[in-house]
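This is input_9.txt (compact mmCIF, C-alpha atoms).
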# COMPACT_ATOMS: atom_id res chain seq x y z
CA ARG A 1 -33.57 -17.89 20.87
CA GLY A 2 -31.43 -20.73 19.64
CA ALA A 3 -29.51 -21.53 16.50
CA CYS A 4 -31.29 -23.71 13.95
CA SER A 5 -30.58 -25.56 10.75
CA LEU A 6 -33.20 -23.55 8.86
CA VAL A 7 -33.96 -19.86 8.98
CA ARG A 8 -36.81 -19.10 11.34
CA PHE A 9 -38.36 -15.99 12.85
CA GLU A 10 -38.92 -15.46 16.53
CA ASN A 11 -41.84 -13.28 15.48
CA LEU A 12 -42.95 -11.35 12.46
CA HIS A 13 -41.25 -8.21 13.76
CA GLU A 14 -37.92 -9.77 12.77
CA VAL A 15 -38.80 -9.12 9.13
CA ARG A 16 -38.36 -5.43 9.86
CA ARG A 17 -34.61 -6.00 9.96
CA LEU A 18 -34.75 -6.06 6.16
CA CYS A 19 -36.04 -2.47 6.10
CA HIS A 20 -32.63 -0.90 6.67
CA TRP A 21 -30.01 0.53 4.32
CA GLY A 22 -27.50 -2.23 5.22
CA PRO A 23 -29.54 -5.30 4.16
CA ILE A 24 -30.98 -3.40 1.18
CA ILE A 25 -27.49 -2.64 -0.18
CA ALA A 26 -26.11 -6.10 0.66
CA LEU A 27 -29.00 -7.98 -0.96
CA SER A 28 -28.92 -5.66 -3.97
CA VAL A 29 -25.23 -6.42 -4.55
CA ILE A 30 -25.91 -10.17 -4.20
CA ALA A 31 -28.87 -9.96 -6.59
CA ILE A 32 -27.01 -7.94 -9.25
CA CYS A 33 -23.87 -10.09 -9.21
CA SER A 34 -25.80 -13.38 -9.15
CA THR A 35 -28.24 -12.39 -11.88
CA MET A 36 -25.57 -11.05 -14.22
CA ALA A 37 -23.33 -14.06 -13.56
CA ILE A 38 -26.17 -16.45 -14.49
CA ILE A 39 -26.96 -14.49 -17.66
CA ASP A 40 -23.30 -14.29 -18.68
CA SER A 41 -22.85 -18.01 -17.97
CA VAL A 42 -25.58 -18.74 -20.50
CA ILE A 43 -23.88 -16.43 -23.02
CA TRP A 44 -20.31 -17.59 -22.42
CA TYR A 45 -20.53 -21.27 -21.45
CA TRP A 46 -23.95 -22.81 -22.13
CA PRO A 47 -24.32 -25.37 -19.32
CA LEU A 48 -26.04 -28.06 -21.44
CA ASP A 49 -23.26 -28.24 -24.04
CA THR A 50 -20.43 -29.64 -21.93
CA THR A 51 -19.82 -31.14 -18.50
CA ALA A 52 -17.55 -28.23 -17.58
CA GLY A 53 -20.31 -25.76 -18.42
CA SER A 54 -22.74 -27.65 -16.21
CA ILE A 55 -20.26 -27.70 -13.32
CA ASN A 56 -19.61 -23.98 -13.73
CA PHE A 57 -23.34 -23.22 -13.66
CA LEU A 58 -24.03 -25.46 -10.65
CA MET A 59 -21.13 -23.93 -8.72
CA LEU A 60 -22.53 -20.47 -9.39
CA LEU A 61 -25.95 -21.47 -8.07
CA ASN A 62 -24.27 -23.16 -5.10
CA TRP A 63 -22.43 -19.94 -4.14
CA THR A 64 -25.68 -17.96 -4.30
CA VAL A 65 -27.62 -20.43 -2.13
CA LEU A 66 -24.85 -20.73 0.49
CA ILE A 67 -24.31 -16.96 0.66
CA LEU A 68 -28.02 -16.26 1.19
CA TYR A 69 -28.38 -19.13 3.67
CA ASN A 70 -25.58 -17.88 5.93
CA TYR A 71 -26.61 -14.25 5.47
CA PHE A 72 -30.19 -14.79 6.57
CA ASN A 73 -29.15 -17.07 9.43
CA ALA A 74 -26.71 -14.42 10.67
CA MET A 75 -29.52 -11.87 10.51
CA PHE A 76 -32.49 -13.81 11.90
CA VAL A 77 -30.91 -16.37 14.25
CA GLY A 78 -29.32 -13.44 16.03
CA PRO A 79 -26.46 -13.33 18.53
CA GLY A 80 -28.41 -14.48 21.58
CA TYR A 81 -29.40 -12.14 24.39
CA ILE A 82 -28.85 -12.20 28.13
CA PRO A 83 -32.25 -12.73 29.88
CA LEU A 84 -33.72 -9.53 31.25
CA GLY A 85 -32.98 -9.12 34.95
CA TRP A 86 -30.30 -11.82 34.89
CA LYS A 87 -28.23 -12.44 38.06
CA PRO A 88 -25.47 -14.97 38.78
CA GLU A 89 -26.40 -17.99 40.90
CA ASN A 90 -24.04 -16.87 43.66
CA PRO A 91 -25.09 -13.38 44.85
CA LYS A 92 -21.50 -12.65 45.91
CA ASP A 93 -20.42 -12.82 42.26
CA THR A 94 -22.34 -9.64 41.47
CA GLN A 95 -19.38 -7.62 42.78
CA PHE A 96 -17.39 -8.78 39.74
CA LEU A 97 -20.04 -7.84 37.19
CA GLN A 98 -21.35 -4.65 35.63
CA TYR A 99 -24.99 -3.75 36.07
CA CYS A 100 -27.06 -2.77 33.03
CA ARG A 101 -29.60 -0.09 33.90
CA ILE A 102 -31.55 -0.65 30.67
CA CYS A 103 -31.92 -4.45 30.93
CA GLN A 104 -32.25 -4.18 34.72
CA GLY A 105 -29.79 -7.02 35.22
CA TYR A 106 -26.12 -7.90 35.39
CA LYS A 107 -23.96 -8.37 32.33
CA ALA A 108 -22.75 -11.95 32.06
CA PRO A 109 -19.07 -12.55 31.20
CA ARG A 110 -18.27 -11.62 27.58
CA SER A 111 -21.63 -9.85 27.14
CA HIS A 112 -22.09 -6.19 26.28
CA HIS A 113 -25.09 -3.94 25.86
CA CYS A 114 -25.91 -2.95 22.28
CA ARG A 115 -27.59 0.42 21.95
CA LYS A 116 -29.01 -0.53 18.54
CA CYS A 117 -30.57 -3.83 19.67
CA ASN A 118 -31.30 -2.34 23.13
CA ARG A 119 -30.31 -5.64 24.79
CA CYS A 120 -27.25 -7.20 26.42
CA VAL A 121 -25.73 -9.49 23.77
CA MET A 122 -23.98 -12.80 24.48
CA LYS A 123 -20.31 -12.71 23.48
CA MET A 124 -20.86 -9.54 21.49
CA ASP A 125 -18.38 -8.92 18.70
CA HIS A 126 -19.96 -5.87 17.05
CA HIS A 127 -23.22 -4.56 15.65
CA CYS A 128 -23.12 -5.08 11.89
CA PRO A 129 -25.23 -2.68 9.79
CA TRP A 130 -25.09 -5.04 6.79
CA ILE A 131 -27.21 -7.63 8.63
CA ASN A 132 -28.90 -5.00 10.83
CA ASN A 133 -28.14 -7.15 13.86
CA CYS A 134 -25.36 -7.93 16.28
CA CYS A 135 -22.68 -10.52 15.63
CA GLY A 136 -22.37 -12.61 18.77
CA HIS A 137 -22.48 -16.06 20.34
CA LEU A 138 -25.17 -17.81 18.27
CA ASN A 139 -24.56 -16.30 14.83
CA HIS A 140 -20.78 -15.76 14.84
CA ALA A 141 -20.19 -18.88 12.72
CA TYR A 142 -22.92 -17.94 10.23
CA PHE A 143 -21.60 -14.40 9.93
CA THR A 144 -18.00 -15.52 9.39
CA SER A 145 -19.11 -18.15 6.85
CA PHE A 146 -20.91 -15.40 4.95
CA LEU A 147 -17.73 -13.30 4.98
CA LEU A 148 -15.86 -16.27 3.45
CA LEU A 149 -18.44 -17.29 0.86
CA ALA A 150 -19.21 -13.78 -0.43
CA PRO A 151 -15.64 -13.12 -1.74
CA LEU A 152 -15.43 -16.64 -3.19
CA GLY A 153 -18.74 -16.25 -4.99
CA CYS A 154 -17.87 -12.75 -6.22
CA SER A 155 -14.47 -13.98 -7.46
CA HIS A 156 -16.20 -16.71 -9.47
CA ALA A 157 -18.69 -14.16 -10.82
CA ALA A 158 -15.88 -11.75 -11.74
CA PHE A 159 -14.13 -14.55 -13.68
CA ILE A 160 -17.35 -15.22 -15.60
CA PHE A 161 -17.77 -11.52 -16.39
CA VAL A 162 -14.21 -11.23 -17.72
CA MET A 163 -14.46 -14.39 -19.83
CA THR A 164 -17.84 -13.36 -21.23
CA MET A 165 -16.56 -9.96 -22.35
CA TYR A 166 -13.39 -11.50 -23.77
CA THR A 167 -15.14 -14.21 -25.81
CA GLN A 168 -17.90 -11.89 -27.02
CA LEU A 169 -15.62 -9.01 -28.01
CA TYR A 170 -12.74 -11.04 -29.45
CA GLU A 171 -14.22 -11.35 -32.96
CA ARG A 172 -15.67 -7.83 -32.88
CA ILE A 173 -12.42 -5.95 -32.27
CA SER A 174 -10.40 -4.68 -35.21
CA PHE A 175 -7.03 -2.98 -34.78
CA GLY A 176 -5.78 -0.17 -36.99
CA TRP A 177 -2.57 1.84 -36.94
CA SER A 178 -4.05 4.43 -34.60
CA THR A 179 -7.49 3.06 -33.79
CA VAL A 180 -9.19 0.21 -31.95
CA LYS A 181 -12.74 -0.41 -33.13
CA ILE A 182 -15.35 -2.49 -31.33
CA ASP A 183 -18.29 -3.31 -33.61
CA MET A 184 -21.14 -4.74 -31.51
CA SER A 185 -23.19 -5.48 -34.67
CA ALA A 186 -20.64 -7.84 -36.18
CA VAL A 187 -21.88 -11.41 -36.70
CA ARG A 188 -19.96 -13.95 -34.62
CA GLN A 189 -19.07 -17.43 -35.82
CA PHE A 190 -20.87 -19.05 -32.88
CA GLN A 191 -24.05 -17.24 -31.91
CA PRO A 192 -24.95 -17.50 -28.18
CA LEU A 193 -28.44 -18.27 -27.01
CA MET A 194 -28.76 -14.71 -25.67
CA PRO A 195 -27.38 -11.71 -27.60
CA PHE A 196 -24.53 -9.72 -26.06
CA SER A 197 -25.58 -6.16 -26.84
CA VAL A 198 -24.31 -2.78 -25.67
CA PRO A 199 -26.62 -2.72 -22.59
CA ALA A 200 -25.44 -6.23 -21.68
CA PHE A 201 -21.84 -5.07 -22.03
CA ALA A 202 -22.46 -2.06 -19.75
CA ALA A 203 -24.33 -4.17 -17.18
CA THR A 204 -21.51 -6.71 -17.13
CA LEU A 205 -18.94 -3.98 -16.51
CA PHE A 206 -21.06 -2.58 -13.66
CA ALA A 207 -21.45 -6.02 -12.08
CA LEU A 208 -17.70 -6.60 -12.43
CA GLY A 209 -17.03 -3.45 -10.41
CA LEU A 210 -19.39 -4.59 -7.66
CA ALA A 211 -17.88 -8.08 -7.58
CA LEU A 212 -14.27 -6.88 -7.32
CA GLY A 213 -15.10 -4.26 -4.69
CA THR A 214 -17.01 -6.78 -2.59
CA THR A 215 -14.22 -9.34 -2.87
CA ILE A 216 -11.64 -6.92 -1.50
CA ALA A 217 -13.76 -5.30 1.23
CA VAL A 218 -15.54 -8.40 2.56
CA GLY A 219 -12.37 -10.48 2.22
CA MET A 220 -10.60 -8.07 4.57
CA LEU A 221 -13.38 -8.39 7.12
CA PHE A 222 -13.13 -12.19 6.91
CA PHE A 223 -9.43 -12.17 7.77
CA ILE A 224 -10.09 -9.78 10.68
CA GLN A 225 -12.80 -12.09 12.03
CA MET A 226 -10.70 -15.23 11.64
CA LYS A 227 -7.82 -13.56 13.45
CA VAL A 228 -9.93 -13.01 16.57
CA ILE A 229 -11.74 -16.37 16.31
CA LEU A 230 -8.48 -18.34 16.25
CA ARG A 231 -7.60 -16.59 19.52
CA ASN A 232 -11.13 -17.15 20.89
CA LYS A 233 -11.68 -13.41 21.19
CA THR A 234 -14.11 -10.85 19.90
CA SER A 235 -13.32 -7.44 18.44
CA ILE A 236 -14.42 -5.81 21.69
CA GLU A 237 -12.29 -8.18 23.79
CA SER A 238 -9.24 -7.44 21.66
CA TRP A 239 -9.74 -3.78 22.48
CA ILE A 240 -10.20 -4.57 26.19
CA GLU A 241 -6.96 -6.56 26.17
CA GLU A 242 -5.12 -3.67 24.52
CA LYS A 243 -6.45 -1.24 27.10
CA ALA A 244 -5.46 -3.64 29.90
CA LYS A 245 -1.85 -3.60 28.74
CA ASP A 246 -1.92 0.21 28.47
CA ARG A 247 -3.38 0.52 31.97
CA ILE A 248 -0.76 -1.78 33.50
CA GLN A 249 2.05 0.05 31.70
CA HIS A 250 0.68 3.49 32.63
CA TYR A 251 0.36 2.79 36.36
CA GLN A 252 3.32 0.38 36.55
CA THR A 253 1.28 -2.07 38.63
CA GLY A 254 3.37 -5.09 37.72
CA GLU A 255 0.25 -7.15 36.98
CA GLU A 256 0.22 -9.93 34.40
CA PHE A 257 -2.90 -9.93 32.31
CA VAL A 258 -3.74 -13.31 30.76
CA PHE A 259 -6.67 -13.42 28.36
CA PRO A 260 -8.95 -15.99 30.02
CA TYR A 261 -10.76 -17.51 27.04
CA ASP A 262 -7.83 -18.56 24.85
CA LEU A 263 -7.87 -22.37 25.04
CA GLY A 264 -4.19 -22.60 24.05
CA SER A 265 -4.75 -24.09 20.59
CA ARG A 266 -6.04 -22.44 17.43
CA TRP A 267 -7.87 -25.63 16.51
CA LEU A 268 -9.67 -25.75 19.88
CA ASN A 269 -10.55 -22.07 19.57
CA PHE A 270 -11.86 -22.70 16.05
CA LYS A 271 -14.02 -25.64 17.17
CA HIS A 272 -15.48 -23.55 19.96
CA VAL A 273 -17.21 -21.36 17.31
CA PHE A 274 -17.64 -23.67 14.30
CA THR A 275 -19.49 -26.95 14.89
CA LEU A 276 -21.09 -29.48 12.54
CA SER A 277 -24.53 -28.82 14.01
CA GLY A 278 -24.20 -25.08 13.55
CA THR A 279 -24.84 -24.50 17.27
CA PRO A 280 -21.79 -23.05 19.06
CA ARG A 281 -20.50 -24.62 22.25
CA GLY A 282 -21.64 -23.25 25.58
CA ASN A 283 -24.77 -21.53 26.86
CA GLY A 284 -23.49 -17.97 26.39
CA LEU A 285 -23.29 -17.35 30.16
CA GLU A 286 -20.36 -19.50 31.30
CA TRP A 287 -17.17 -20.22 29.36
CA PRO A 288 -14.13 -22.51 29.54
CA VAL A 289 -11.19 -20.47 30.78
CA HIS A 290 -7.39 -20.57 30.99
CA SER A 291 -5.87 -22.44 33.94
CA LYS A 292 -4.51 -19.19 35.39
CA CYS A 293 -7.89 -17.46 35.22
CA HIS A 294 -11.48 -17.79 36.39
CA GLN A 295 -14.92 -16.85 35.06
CA TYR A 296 -14.66 -13.22 36.12
CA THR A 297 -11.07 -12.39 35.15
CA LEU A 298 -12.13 -10.27 32.18
CA THR A 299 -15.08 -8.64 33.96
CA ILE A 300 -12.80 -7.58 36.82
CA GLU A 301 -10.45 -6.00 34.27
CA GLN A 302 -13.42 -4.19 32.74
CA LEU A 303 -14.37 -2.77 36.14
CA LYS A 304 -10.80 -1.53 36.60
CA GLN A 305 -10.89 0.13 33.19
CA LYS A 306 -14.26 1.74 33.97
CA ALA A 307 -12.83 3.19 37.19
CA ASP A 308 -9.74 4.38 35.34
CA LYS A 309 -11.91 5.99 32.66
CA ARG A 310 -13.83 7.93 35.29
CA VAL A 311 -10.54 9.19 36.71
CA ARG A 312 -9.21 10.21 33.29
CA SER A 313 -12.45 11.73 32.01
CA VAL A 314 -12.71 15.48 31.62
CA GLN A 315 -15.74 17.61 32.48
CA TYR A 316 -16.93 20.17 29.94
CA GLN A 317 -19.67 22.76 29.94
CA ALA A 318 -21.59 23.63 26.78
CA VAL A 319 -21.33 27.25 25.64
CA GLU A 320 -23.72 26.83 22.69
CA ASP A 321 -26.89 24.90 21.96
CA TYR A 322 -26.61 21.75 19.84
CA ASN A 323 -29.66 20.01 18.35
CA GLY A 324 -28.07 16.55 17.99
CA ALA A 325 -27.66 16.68 14.19
CA CYS A 326 -25.36 14.09 12.65
CA CYS A 327 -23.59 16.67 10.48
CA PRO A 328 -24.24 20.10 12.03
CA LEU A 329 -23.90 22.92 9.53
CA ASN A 330 -23.73 25.68 12.14
CA LYS A 331 -20.74 24.27 14.06
CA GLY A 332 -18.10 24.94 11.48
CA PHE A 333 -16.88 23.54 8.19
CA ARG A 334 -14.41 21.06 9.74
CA THR A 335 -16.87 19.78 12.34
CA PHE A 336 -19.35 19.07 9.53
CA PHE A 337 -16.88 17.03 7.45
CA ARG A 338 -15.12 15.35 10.41
CA THR A 339 -18.29 13.76 11.79
CA PRO A 340 -17.63 10.19 13.07
CA CYS A 341 -18.43 7.46 10.55
CA THR A 342 -20.73 5.52 12.86
CA GLU A 343 -24.43 5.08 13.54
CA GLU A 344 -23.95 6.17 17.15
CA PRO A 345 -26.56 8.82 18.00
CA ARG A 346 -25.55 12.39 18.83
CA ILE A 347 -26.57 13.97 22.11
CA PRO A 348 -28.55 17.24 22.05
CA LEU A 349 -27.14 19.90 24.38
CA SER A 350 -28.32 23.18 25.77
CA LYS A 351 -26.09 26.03 26.85
CA GLY A 352 -24.81 25.46 30.36
CA GLU A 353 -25.28 21.67 30.43
CA THR A 354 -22.37 19.51 31.58
CA VAL A 355 -20.84 16.48 29.88
CA LEU A 356 -18.18 14.03 30.95
CA ALA A 357 -15.91 13.25 27.96
CA THR A 358 -13.92 10.03 27.97
CA ARG A 359 -12.29 10.11 24.54
CA GLY A 360 -12.50 11.95 21.26
CA THR A 361 -10.77 13.75 18.42
CA LYS A 362 -10.10 17.41 17.80
CA TRP A 363 -13.61 17.99 16.47
CA TRP A 364 -15.81 15.42 18.23
CA MET A 365 -15.83 13.83 21.66
CA TYR A 366 -17.45 10.75 23.18
CA GLY A 367 -18.95 10.81 26.64
CA ASP A 368 -21.93 11.07 29.01
CA LYS A 369 -24.31 13.89 29.68
CA ILE A 370 -24.51 14.65 33.39
CA VAL A 371 -28.09 14.98 34.61
CA SER A 372 -29.76 15.53 37.96
CA GLU A 373 -31.21 12.72 40.06
CA GLU A 374 -34.75 13.77 39.08
CA GLU A 375 -33.92 13.42 35.38
CA MET A 376 -32.09 10.15 36.06
CA ARG A 377 -35.26 8.59 37.42
CA GLY A 378 -37.21 9.39 34.29
CA LYS A 379 -34.79 8.31 31.57
CA ILE A 380 -31.62 6.38 30.86
CA ILE A 381 -28.45 8.25 29.90
CA PHE A 382 -26.46 6.87 26.98
CA GLN A 383 -22.90 7.42 25.87
CA LEU A 384 -23.04 9.50 22.70
CA PHE A 385 -20.98 11.59 20.31
CA LEU A 386 -21.04 15.37 20.63
CA PRO A 387 -19.17 18.20 18.89
CA CYS A 388 -16.07 19.50 20.64
CA LYS A 389 -17.14 23.15 20.78
CA LEU A 390 -18.17 22.97 24.42
CA ASN A 391 -16.07 25.35 26.48
CA SER A 392 -13.71 28.26 26.05
CA PHE A 393 -10.55 26.43 27.14
CA GLN A 394 -8.66 23.45 25.76
CA ILE A 395 -8.04 20.32 27.83
CA GLU A 396 -6.02 17.43 26.43
CA LEU A 397 -7.65 14.03 26.72
CA THR A 398 -5.54 10.96 27.35
CA CYS A 399 -7.57 8.69 25.08
CA LEU A 400 -7.59 10.72 21.86
CA ASN A 401 -8.20 9.04 18.50
CA ARG A 402 -9.13 5.64 19.95
CA LEU A 403 -12.28 4.00 18.63
CA THR A 404 -13.45 0.44 18.87
CA SER A 405 -11.92 -2.07 16.47
CA GLN A 406 -15.21 -2.98 14.82
CA ARG A 407 -15.80 0.67 13.82
CA CYS A 408 -12.30 0.88 12.37
CA SER A 409 -12.84 -2.41 10.51
CA MET A 410 -16.16 -1.26 9.06
CA ASN A 411 -14.80 2.13 8.02
CA ALA A 412 -11.71 0.54 6.46
CA ALA A 413 -13.86 -1.93 4.54
CA LEU A 414 -16.16 0.82 3.28
CA PHE A 415 -13.18 2.92 2.22
CA ILE A 416 -11.48 0.05 0.35
CA PHE A 417 -14.78 -0.95 -1.30
CA SER A 418 -15.32 2.63 -2.45
CA VAL A 419 -11.77 3.01 -3.77
CA ALA A 420 -11.83 -0.36 -5.54
CA TYR A 421 -15.18 0.30 -7.14
CA LEU A 422 -14.16 3.82 -8.16
CA LEU A 423 -11.05 2.50 -9.91
CA VAL A 424 -13.03 -0.17 -11.75
CA PHE A 425 -15.71 2.37 -12.65
CA LEU A 426 -13.10 4.73 -14.12
CA ILE A 427 -11.74 1.86 -16.20
CA GLU A 428 -15.29 1.11 -17.36
CA ILE A 429 -15.78 4.70 -18.45
CA GLY A 430 -12.52 4.57 -20.37
CA LEU A 431 -13.61 1.38 -22.15
CA PHE A 432 -17.18 2.42 -22.79
CA LEU A 433 -16.73 5.99 -24.02
CA SER A 434 -14.62 7.38 -26.84
CA ILE A 435 -11.18 8.48 -25.63
CA ASN A 436 -8.82 10.68 -27.62
CA VAL A 437 -5.28 10.81 -26.35
CA LYS A 438 -3.13 13.53 -27.93
CA THR A 439 0.54 13.87 -27.14
CA LYS A 440 3.49 15.78 -28.62
CA THR A 441 5.49 12.56 -29.06
CA ASN A 442 4.91 9.66 -31.40
CA TYR A 443 2.52 7.83 -29.11
CA ILE A 444 -0.48 6.33 -30.85
CA ASN A 445 -3.77 8.20 -30.54
CA LEU A 446 -6.22 5.68 -29.12
CA TYR A 447 -9.96 5.92 -29.14
CA ILE A 448 -12.67 3.32 -28.74
CA LYS A 449 -15.66 3.60 -30.98
CA ILE A 450 -18.77 1.53 -30.46
CA SER A 451 -21.06 1.57 -33.44
CA ASN A 452 -24.21 -0.27 -34.46
CA SER A 453 -23.78 -0.38 -38.26
CA GLU A 454 -26.26 -2.02 -40.59
Spit out the file's structure as structure tokens when you get a sec.
Amino acid sequence: RGACSLVRFENLHEVRRLCHWGPIIALSVIAICSTMAIIDSVIWYWPLDTTAGSINFLMLLNWTVLILYNYFNAMFVGPGYIPLGWKPENPKDTQFLQYCRICQGYKAPRSHHCRKCNRCVMKMDHHCPWINNCCGHLNHAYFTSFLLLAPLGCSHAAFIFVMTMYTQLYERISFGWSTVKIDMSAVRQFQPLMPFSVPAFAATLFALGLALGTTIAVGMLFFIQMKVILRNKTSIESWIEEKAKDRIQHYQTGEEFVFPYDLGSRWLNFKHVFTLSGTPRGNGLEWPVHSKCHQYTLTIEQLKQKADKRVRSVQYQAVEDYNGACCPLNKGFRTFFRTPCTEEPRIPLSKGETVLATRGTKWWMYGDKIVSEEEMRGKIIFQLFLPCKLNSFQIELTCLNRLTSQRCSMNAALFIFSVAYLLVFLIEIGLFLSINVKTKTNYINLYIKISNSE
């Protein structure tokens, strides 16, 4: 699958990517903000009256088209996948690579297996639920462009919402000694083409909350992505580099780890991802590297970290059955509310089964289920989350509270979006409903009354 100038489908099954909560929410936010911004533009600044109004309207349409174009390209072009059963040209190089049991081939440099896509992804950054696809080699530029354009478009829409409410309410507000009255039935001096009624006012406030929340949350993700792109890294590789430094410091090996794919210049790193044709440089299998490194510098470091993880891992035995529920009600109140904020599946366990935990928190752990050779032949074992109530004794793990950077980024963005939208929503409630403030001092009692008088 290659990048293209227009959105195309490899097959009709790609359309199924839209049937997921991530794209449904993302496209709903885009549709609400765009639709309300177009309606409010007609109310506030009729585009046919002045040149500025026409420019404002065309810019709004331009944001919508560019956002959807990059969004759908990021979703349907895809990250690019390592061919099934792939092997390096030189058989001796296989000793430097990890073998993927699911794809039945070796993982090329910078590639990682995605459990959601069920394939090894070229230059995998993370699996993004908002596009229901991985962000990787072929769609990294489209995805980052979407992260840039969405806050810009939402900022423009938020400005239109604010100006529309200001211009429409300015002549309808009357101030008294202790009251502020908004009369939506008052006749304005200049009547807009479309009436600005109470439902339009409420819809504009709702769209404003979505626009501001999206601007903050998606804007943060854009800066995180640009930070790794300017260093020619991915979120996963940043984590690998951090673990490499920890490993060297822990064992005092005296090694010097040099990240192999940093080309030495931010501009060169930028051009390696963003090109005029839209197709990134390279074939996704081989990469230009630092003069002190070679093609397998990072993969060798990954093998060392895998070996170190096996040494540090702790074996547990289950003392209770667990059905694999995301939020188990029968494992305790704290386990229920401390469930990891990720789409990673949970592993069902039966009493007496053994797991090998590599990292975790006080309430959940991450690791492998140990199975017999007979079971190994019939199925593939994944790394999954499981509740910590496994054995009767406590063992301290060395890798507590460490999750991948893309999970932390997604959770932080969701948290900031929720907080920002909640604050705006509370302000909306205060503006839309009647508020009586009573104090013992001489402060003015303020209430907002919306009436539809004759």
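With all atoms listed in the file as the atoms that count, the minimum distance from Arg16 of chain A to the choices A:Trp287, A:Tyr296, A:Tyr261, A:Phe76 is reached by A:Phe76.
Nearest residue to Leu268 of chain A, choosing from A:Pro288, A:Gln98, A:Thr35, A:Arg247 and counting all atoms listed in the file: A:Pro288.
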Interatomic distance, atom CA of Met220 of chain A to atom CA of Phe161 of chain A (Å, one decimal): 22.4 Å
Which is closer to His250 of chain A than all the others in A:Glu286, A:Asp308, A:Glu353, A:Glu320, using only C-alpha atoms? A:Asp308
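Counting all atoms listed in the file, the residue from A:Ala211, A:Leu169, A:Pro199, A:Thr299 that sits nearest to Glu241 of chain A is A:Thr299.
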Shell of 12 Å around Lys271 of chain A, all atoms listed in the file, local chain residues under 5 positions omitted, as a count of residues only: 15
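The two atoms in question, atom CA of Gln168 of chain A and atom CA of Tyr45 of chain A, are spaced 11.2 Å apart.
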Using only C-alpha atoms, pick whichever of A:Leu147, A:Arg110, A:Gly367, A:Gly153 has the shortest atom-to-atom distance to Leu61 of chain A. A:Gly153
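Restricting the calculation to all atoms listed in the file, the smallest distance between Gly209 of chain A and any of A:Asn70, A:Thr51, A:Asn132, A:Ser155 is found for A:Ser155.
The gap separating atom CA of Met226 of chain A from atom CA of Leu68 of chain A is 20.3 Å, in Å to one decimal.
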